[in-house]
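*Asks:* Input target.tsv, format and content: TSV, C-alpha atoms and all ligand atoms.
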```tsv
chain	number	residue	atom	x	y	z
T	1	MET	CA	125.53	83.35	115.29
T	2	LYS	CA	126.04	83.90	111.53
T	3	PRO	CA	123.62	86.45	109.95
T	4	LYS	CA	120.89	84.75	107.86
T	5	THR	CA	121.72	84.91	104.13
T	6	ILE	CA	118.94	85.20	101.57
T	7	ASN	CA	118.99	84.23	97.89
T	8	TRP	CA	118.91	86.77	95.04
T	9	GLN	CA	115.16	86.49	94.56
T	10	GLU	CA	114.33	87.18	98.19
T	11	GLN	CA	116.86	90.04	98.15
T	12	ALA	CA	115.24	91.41	94.96
T	13	LYS	CA	111.78	91.29	96.58
T	14	LYS	CA	113.10	93.00	99.69
T	15	SER	CA	114.89	95.74	97.71
T	16	ALA	CA	111.75	96.45	95.66
T	17	ALA	CA	109.72	96.63	98.89
T	18	ILE	CA	112.14	99.08	100.49
T	19	GLU	CA	111.97	101.33	97.40
T	20	ALA	CA	108.17	101.28	97.46
T	21	VAL	CA	107.97	102.15	101.14
T	22	LYS	CA	109.96	105.34	100.40
T	23	GLN	CA	106.73	106.60	98.78
T	24	VAL	CA	104.96	106.58	102.15
T	25	LYS	CA	104.80	110.03	103.76
T	26	ASN	CA	103.89	111.16	107.26
T	27	GLY	CA	100.14	111.00	107.93
T	28	PHE	CA	99.38	108.60	105.06
T	29	VAL	CA	96.68	105.95	105.21
T	30	VAL	CA	98.19	102.97	103.39
T	31	GLY	CA	96.59	99.88	101.90
T	32	LEU	CA	98.52	96.68	102.52
T	33	GLY	CA	98.37	93.97	99.88
T	34	SER	CA	99.27	90.36	100.65
T	35	GLY	CA	102.00	87.85	99.89
T	36	SER	CA	105.67	87.24	100.58
T	37	THR	CA	106.90	90.45	98.89
T	38	VAL	CA	104.43	92.63	100.79
T	39	ALA	CA	105.73	91.01	103.99
T	40	TYR	CA	109.04	92.83	103.39
T	41	ALA	CA	107.18	96.11	102.86
T	42	ILE	CA	105.28	95.70	106.14
T	43	GLN	CA	108.59	95.00	107.91
T	44	GLU	CA	110.07	98.16	106.41
T	45	LEU	CA	107.02	100.21	107.43
T	46	GLY	CA	107.48	98.90	110.97
T	47	ARG	CA	111.14	99.89	110.88
T	48	ARG	CA	110.34	103.42	109.68
T	49	ILE	CA	107.62	103.83	112.32
T	50	LYS	CA	110.07	102.80	115.03
T	51	GLN	CA	113.27	104.46	113.84
T	52	GLU	CA	112.00	107.49	111.92
T	53	LYS	CA	108.84	108.10	113.98
T	54	LEU	CA	106.81	107.89	110.76
T	55	GLU	CA	103.09	108.25	111.46
T	56	LEU	CA	100.63	106.25	109.38
T	57	LEU	CA	97.58	104.02	109.48
T	58	ALA	CA	97.17	100.86	107.41
T	59	VAL	CA	94.28	98.90	105.95
T	60	PRO	CA	95.23	95.21	105.50
T	61	SER	CA	93.80	93.19	102.61
T	62	SER	CA	93.98	89.80	104.37
T	63	TYR	CA	94.47	88.05	107.70
T	64	GLN	CA	98.10	87.57	106.65
T	65	ALA	CA	98.64	91.32	106.23
T	66	PHE	CA	96.67	92.02	109.42
T	67	TYR	CA	98.85	89.75	111.56
T	68	LEU	CA	102.07	90.96	109.93
T	69	ALA	CA	101.05	94.55	110.59
T	70	ASN	CA	100.38	93.70	114.24
T	71	GLN	CA	103.73	91.90	114.60
T	72	ASN	CA	105.55	94.89	113.12
T	73	ARG	CA	103.57	97.42	115.19
T	74	VAL	CA	101.96	99.03	112.14
T	75	PRO	CA	98.70	100.63	113.35
T	76	ILE	CA	95.58	99.32	111.68
T	77	THR	CA	92.41	101.04	110.56
T	78	THR	CA	89.50	100.12	108.30
T	79	LEU	CA	88.06	101.17	104.96
T	80	ASP	CA	84.91	102.20	106.83
T	81	GLU	CA	86.90	104.85	108.65
T	82	TYR	CA	89.06	105.77	105.64
T	83	PRO	CA	87.31	104.91	102.36
T	84	THR	CA	90.03	106.77	100.44
T	85	LEU	CA	93.61	105.61	100.91
T	86	ASP	CA	96.72	107.59	99.99
T	87	LEU	CA	98.61	104.62	98.62
T	88	THR	CA	98.50	100.84	98.43
T	89	ILE	CA	101.56	98.61	98.23
T	90	ASP	CA	100.93	95.14	96.83
T	91	GLY	CA	102.64	92.26	95.04
T	92	ALA	CA	101.61	90.52	91.81
T	93	ASP	CA	101.85	87.12	90.16
T	94	GLN	CA	102.35	88.43	86.65
T	95	VAL	CA	102.95	91.92	85.28
T	96	GLU	CA	102.66	92.66	81.56
T	97	LYS	CA	105.68	94.77	80.66
T	98	LYS	CA	104.00	97.05	78.15
T	99	THR	CA	100.74	97.85	79.98
T	100	LEU	CA	101.51	97.05	83.65
T	101	ASN	CA	98.30	95.01	83.65
T	102	MET	CA	98.52	92.21	86.17
T	103	ILE	CA	97.31	88.83	87.31
T	104	LYS	CA	97.00	88.58	91.09
T	105	GLY	CA	95.47	86.21	93.60
T	106	MET	CA	97.80	83.26	93.97
T	107	GLY	CA	97.71	84.13	97.68
T	108	GLY	CA	93.93	83.98	97.57
T	109	ALA	CA	93.43	87.61	98.64
T	110	LEU	CA	92.42	89.02	95.23
T	111	THR	CA	89.00	90.38	96.19
T	112	ARG	CA	90.11	92.50	99.12
T	113	GLU	CA	93.28	93.44	97.27
T	114	LYS	CA	91.21	94.81	94.40
T	115	ILE	CA	88.95	96.73	96.79
T	116	VAL	CA	91.90	98.27	98.63
T	117	ALA	CA	93.63	99.11	95.33
T	118	GLU	CA	90.49	100.76	93.94
T	119	ALA	CA	90.16	102.82	97.12
T	120	SER	CA	93.70	104.16	96.69
T	121	LYS	CA	94.91	107.31	95.02
T	122	LYS	CA	98.02	105.41	93.97
T	123	LEU	CA	98.81	101.70	93.52
T	124	VAL	CA	102.46	100.71	93.90
T	125	ILE	CA	103.39	97.14	92.96
T	126	ILE	CA	106.48	95.25	94.12
T	127	VAL	CA	107.77	92.15	92.32
T	128	ASP	CA	110.96	90.40	91.42
T	129	GLU	CA	111.93	90.14	87.76
T	130	THR	CA	110.49	86.60	87.34
T	131	LYS	CA	106.99	88.14	87.44
T	132	LEU	CA	107.41	90.17	84.25
T	133	THR	CA	105.80	88.83	81.09
T	134	GLU	CA	105.25	89.85	77.49
T	135	LYS	CA	101.62	88.72	77.64
T	136	LEU	CA	99.30	87.89	80.54
T	137	GLY	CA	98.22	84.29	80.96
T	138	LEU	CA	101.39	82.61	79.72
T	139	ASN	CA	102.04	79.84	82.26
T	140	GLN	CA	99.82	81.64	84.72
T	141	PRO	CA	96.19	80.90	85.62
T	142	VAL	CA	93.69	83.62	86.47
T	143	PRO	CA	92.36	83.08	90.02
T	144	VAL	CA	88.59	83.48	90.27
T	145	GLU	CA	86.86	83.74	93.66
T	146	VAL	CA	83.49	82.02	93.60
T	147	ILE	CA	80.65	81.64	96.10
T	148	PRO	CA	80.53	77.89	96.94
T	149	PHE	CA	76.87	77.60	95.88
T	150	ALA	CA	77.80	78.82	92.37
T	151	LEU	CA	80.82	76.57	91.87
T	152	ALA	CA	79.43	74.17	89.25
T	153	LEU	CA	77.82	76.92	87.20
T	154	ALA	CA	80.95	79.08	87.35
T	155	ARG	CA	83.10	76.15	86.27
T	156	MET	CA	80.86	75.53	83.22
T	157	ARG	CA	80.77	79.21	82.22
T	158	LEU	CA	84.56	79.53	82.54
T	159	GLN	CA	84.98	76.50	80.30
T	160	LYS	CA	82.71	78.20	77.75
T	161	LEU	CA	85.19	81.08	77.80
T	162	HIS	CA	87.87	78.52	76.78
T	163	GLY	CA	89.34	78.38	80.27
T	164	ALA	CA	90.41	75.26	82.14
T	165	PRO	CA	89.32	75.79	85.77
T	166	GLU	CA	91.00	73.93	88.60
T	167	MET	CA	89.70	74.06	92.15
T	168	ARG	CA	92.45	75.36	94.43
T	169	GLU	CA	93.18	72.78	97.12
T	170	GLY	CA	94.45	73.61	100.60
T	171	LYS	CA	97.95	72.85	101.84
T	172	GLY	CA	97.83	71.75	105.46
T	173	LYS	CA	94.08	71.22	105.06
T	174	VAL	CA	92.20	68.72	102.94
T	175	GLY	CA	89.65	70.02	100.44
T	176	PRO	CA	89.26	73.44	98.86
T	177	VAL	CA	91.02	76.60	99.94
T	178	VAL	CA	88.49	78.81	101.70
T	179	THR	CA	89.26	82.52	101.26
T	180	ASP	CA	89.13	85.17	104.00
T	181	ASN	CA	85.62	85.87	102.63
T	182	GLY	CA	84.46	82.25	102.97
T	183	ASN	CA	84.56	81.46	99.25
T	184	PHE	CA	86.38	79.03	96.92
T	185	ILE	CA	88.98	79.76	94.25
T	186	LEU	CA	89.12	78.40	90.74
T	187	ASP	CA	92.51	78.81	89.05
T	188	VAL	CA	91.59	79.17	85.40
T	189	HIS	CA	94.14	78.43	82.68
T	190	PHE	CA	93.42	80.46	79.55
T	191	GLY	CA	96.88	80.43	77.98
T	192	LYS	CA	97.98	83.68	76.35
T	193	ILE	CA	95.28	86.31	76.95
T	194	GLU	CA	94.82	88.50	73.87
T	195	ASP	CA	91.97	90.70	75.13
T	196	ALA	CA	92.20	91.02	78.91
T	197	GLU	CA	89.53	93.77	79.11
T	198	LYS	CA	86.97	91.56	77.37
T	199	LEU	CA	87.84	88.49	79.43
T	200	ASN	CA	87.61	90.51	82.67
T	201	MET	CA	84.09	91.65	81.78
T	202	GLN	CA	83.02	88.16	80.67
T	203	ILE	CA	84.20	86.62	83.96
T	204	LYS	CA	82.55	89.37	85.98
T	205	LEU	CA	79.18	88.58	84.36
T	206	ILE	CA	79.14	85.00	85.68
T	207	PRO	CA	76.64	84.77	88.58
T	208	GLY	CA	78.38	83.81	91.81
T	209	VAL	CA	81.79	85.11	90.75
T	210	VAL	CA	82.92	87.52	93.41
T	211	GLU	CA	86.08	88.78	91.74
T	212	ASN	CA	88.86	87.71	89.40
T	213	GLY	CA	92.61	88.22	89.40
T	214	LEU	CA	92.84	90.45	86.32
T	215	PHE	CA	94.00	93.86	87.60
T	216	LEU	CA	93.82	96.11	84.55
T	217	ASN	CA	94.88	99.76	84.28
T	218	MET	CA	95.41	99.85	88.02
T	219	ALA	CA	99.15	99.81	88.78
T	220	ASP	CA	100.69	103.30	88.78
T	221	ILE	CA	104.25	102.26	89.54
T	222	VAL	CA	105.90	98.83	89.54
T	223	TYR	CA	109.19	98.36	91.38
T	224	VAL	CA	111.00	95.36	89.94
T	225	GLY	CA	113.73	93.77	92.02
T	226	THR	CA	116.45	92.23	89.84
T	227	ARG	CA	119.85	90.64	90.33
T	228	GLY	CA	121.14	94.23	89.99
T	229	VAL	CA	119.33	97.48	90.73
T	230	VAL	CA	115.60	97.95	91.34
T	231	GLN	CA	113.82	99.05	88.16
T	232	ARG	CA	110.93	101.51	88.27
T	233	LEU	CA	108.19	101.08	85.67
T	234	VAL	CA	105.50	103.74	85.37
T	235	ARG	CA	102.13	103.27	83.65
T	236	GLN	CA	101.81	105.63	80.68
T	301	LIG	C1	97.87	87.45	96.81
T	301	LIG	C2	98.54	88.16	95.71
T	301	LIG	C3	100.00	88.40	95.86
T	301	LIG	O1	100.25	89.76	95.73
T	301	LIG	C4	100.71	87.64	94.79
T	301	LIG	O2	100.34	86.29	94.90
T	301	LIG	C5	102.22	87.79	94.92
T	301	LIG	O3	102.69	87.12	96.04
T	301	LIG	P1	104.25	86.95	96.33
T	301	LIG	O4	104.77	88.31	96.64
T	301	LIG	O5	104.30	86.01	97.53
T	301	LIG	O6	104.88	86.35	95.11
T	301	LIG	O7	97.97	88.55	94.71
T	301	LIG	O8	96.52	87.23	96.54
```
Transcribe the structure of this file into structure tokens.
*Replies:*
Amino acid sequence: MKPKTINWQEQAKKSAAIEAVKQVKNGFVVGLGSGSTVAYAIQELGRRIKQEKLELLAVPSSYQAFYLANQNRVPITTLDEYPTLDLTIDGADQVEKKTLNMIKGMGGALTREKIVAEASKKLVIIVDETKLTEKLGLNQPVPVEVIPFALALARMRLQKLHGAPEMREGKGKVGPVVTDNGNFILDVHFGKIEDAEKLNMQIKLIPGVVENGLFLNMADIVYVGTRGVVQRLVRQ
């Protein structure tokens, strides 16, 4: 059978993931983000555990990461047992080149991803080059996780902030996407975001909003997979 070939973008994601996993040392407790790029990182962790006898524990940020960790024989623990993590590896939907601020949550796991990231001494992000942007919000909505009871109010308040909220609909299920926390997601189009700090605080003040996808001043290192080598960006 011919080996499976993957396109440049998948290869770029995989290469970035492999670079990031090199940061994981013996005895680490590692946060696992979610998404298709993180899937490569979990695979690589599994490979290192098996082939290099690397010892680690992982805290998954979603059912997806949990099941991938199980499949790849990556041992799982919880934030209750380890409230401080050595490192988290996660993907992103948009990374602002200058600041390394990010928009996350197109996989719907933003709330737990933010918790796991905040619990970590170091946050390492893996993306392919299509995720880099000059300014957050350009062609990219900000996902906002909302308690179902608060949906109408949240929608109105987000519109007041000049956002255009769209309820995220399920694929393979009719009706809204329900997050791992039992909530809904509004994808809010703001266009170019000039003051991300201010917007983050304004969204957080809306009753019923659980979390939003603006991840500001959080990424320590971003590994960017390209058509060539993997670039390493470090937050200044
Ligand atoms: C999930 C996320 C993901 O990290 C983000 O959507 C990137 O995913 P992918 O690696 O599949 O492009 O924030 O909530």
*Asks:* Quote the spacing between atom CA of Thr111 of chain T and atom CA of Lys131 of chain T in Å to one decimal place.
*Replies:*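 Computing it gives 20.1 Å between the two atoms.
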*Asks:* If you count all atoms listed in the file, which residues fall within 8 Å of Arg235 of chain T, apart from same-chain ones fewer than 6 positions away, as a PDB file with C-alpha atoms, keeping the file's coordinate frame?
*Replies:*
```pdb
ATOM      1  CA  THR T  99     100.740  97.850  79.980  1.00  0.00           C
ATOM      2  CA  LEU T 100     101.510  97.050  83.650  1.00  0.00           C
ATOM      3  CA  ALA T 219      99.150  99.810  88.780  1.00  0.00           C
ATOM      4  CA  ASP T 220     100.690 103.300  88.780  1.00  0.00           C
ATOM      5  CA  ILE T 221     104.250 102.260  89.540  1.00  0.00           C
TER       6      ILE T 221
END
```
*Asks:* What does the distance from atom CA of Arg232 of chain T to atom CA of Leu199 of chain T come to in Å, to one decimal?
*Replies:*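 Atom CA of Leu199 of chain T lies at a distance of 27.9 Å from atom CA of Arg232 of chain T.
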*Asks:* Please indicate the distance in Å from atom CA of Val188 of chain T to atom CA of Gly163 of chain T, rounded to one decimal place.
*Replies:* 5.7 Å
*Asks:* Residues up to 9 Å from ligand LIG 301 (chain T), counting all atoms listed in the file: could you list those as a ChimeraX atom specification?
*Replies:* /T:13,33-39,61-62,90-94,103-113,125-128,131,143,213
*Asks:* Export C-alpha atoms of the chosen residues as an mmCIF file, keeping the file's coordinate frame?
*Replies:*
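Now in part.cif:
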```
data_model
loop_
_atom_site.group_PDB
_atom_site.id
_atom_site.type_symbol
_atom_site.label_atom_id
_atom_site.label_comp_id
_atom_site.auth_asym_id
_atom_site.auth_seq_id
_atom_site.Cartn_x
_atom_site.Cartn_y
_atom_site.Cartn_z
ATOM 1 C CA LYS T 13 111.780 91.290 96.580
ATOM 2 C CA GLY T 33 98.370 93.970 99.880
ATOM 3 C CA SER T 34 99.270 90.360 100.650
ATOM 4 C CA GLY T 35 102.000 87.850 99.890
ATOM 5 C CA SER T 36 105.670 87.240 100.580
ATOM 6 C CA THR T 37 106.900 90.450 98.890
ATOM 7 C CA VAL T 38 104.430 92.630 100.790
ATOM 8 C CA ALA T 39 105.730 91.010 103.990
ATOM 9 C CA SER T 61 93.800 93.190 102.610
ATOM 10 C CA SER T 62 93.980 89.800 104.370
ATOM 11 C CA ASP T 90 100.930 95.140 96.830
ATOM 12 C CA GLY T 91 102.640 92.260 95.040
ATOM 13 C CA ALA T 92 101.610 90.520 91.810
ATOM 14 C CA ASP T 93 101.850 87.120 90.160
ATOM 15 C CA GLN T 94 102.350 88.430 86.650
ATOM 16 C CA ILE T 103 97.310 88.830 87.310
ATOM 17 C CA LYS T 104 97.000 88.580 91.090
ATOM 18 C CA GLY T 105 95.470 86.210 93.600
ATOM 19 C CA MET T 106 97.800 83.260 93.970
ATOM 20 C CA GLY T 107 97.710 84.130 97.680
ATOM 21 C CA GLY T 108 93.930 83.980 97.570
ATOM 22 C CA ALA T 109 93.430 87.610 98.640
ATOM 23 C CA LEU T 110 92.420 89.020 95.230
ATOM 24 C CA THR T 111 89.000 90.380 96.190
ATOM 25 C CA ARG T 112 90.110 92.500 99.120
ATOM 26 C CA GLU T 113 93.280 93.440 97.270
ATOM 27 C CA ILE T 125 103.390 97.140 92.960
ATOM 28 C CA ILE T 126 106.480 95.250 94.120
ATOM 29 C CA VAL T 127 107.770 92.150 92.320
ATOM 30 C CA ASP T 128 110.960 90.400 91.420
ATOM 31 C CA LYS T 131 106.990 88.140 87.440
ATOM 32 C CA PRO T 143 92.360 83.080 90.020
ATOM 33 C CA GLY T 213 92.610 88.220 89.400
#
```
*Asks:* Using all atoms listed in the file, give me every residue within 12 Å of (87.7, 72.5, 98.1) in file coordinates, as a list in words.
*Replies:*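 Those residues, ordered by chain and then number, are Val146, Ile147, Pro148, Leu151, Glu166, Met167, Arg168, Glu169, Gly170, Lys171, Lys173, Val174, Gly175, Pro176, Val177, Val178, Thr179, Gly182, Asn183, Phe184, Ile185 and Leu186 of chain T.
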*Asks:* Name the closest residue to Thr88 of chain T among the candidates T:Asp187, T:Asp180, T:Glu118, T:Glu134; distances are taken between atoms, counting only C-alpha atoms.
*Replies:* T:Glu118
*Asks:* With only C-alpha atoms as the atoms that count, which of T:Lys53, T:Lys25, T:Arg47, T:Lys98 lies nearest to Gln236 of chain T?
*Replies:*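 Nearest candidate to Gln236 of chain T out of T:Lys53, T:Lys25, T:Arg47, T:Lys98: T:Lys98.
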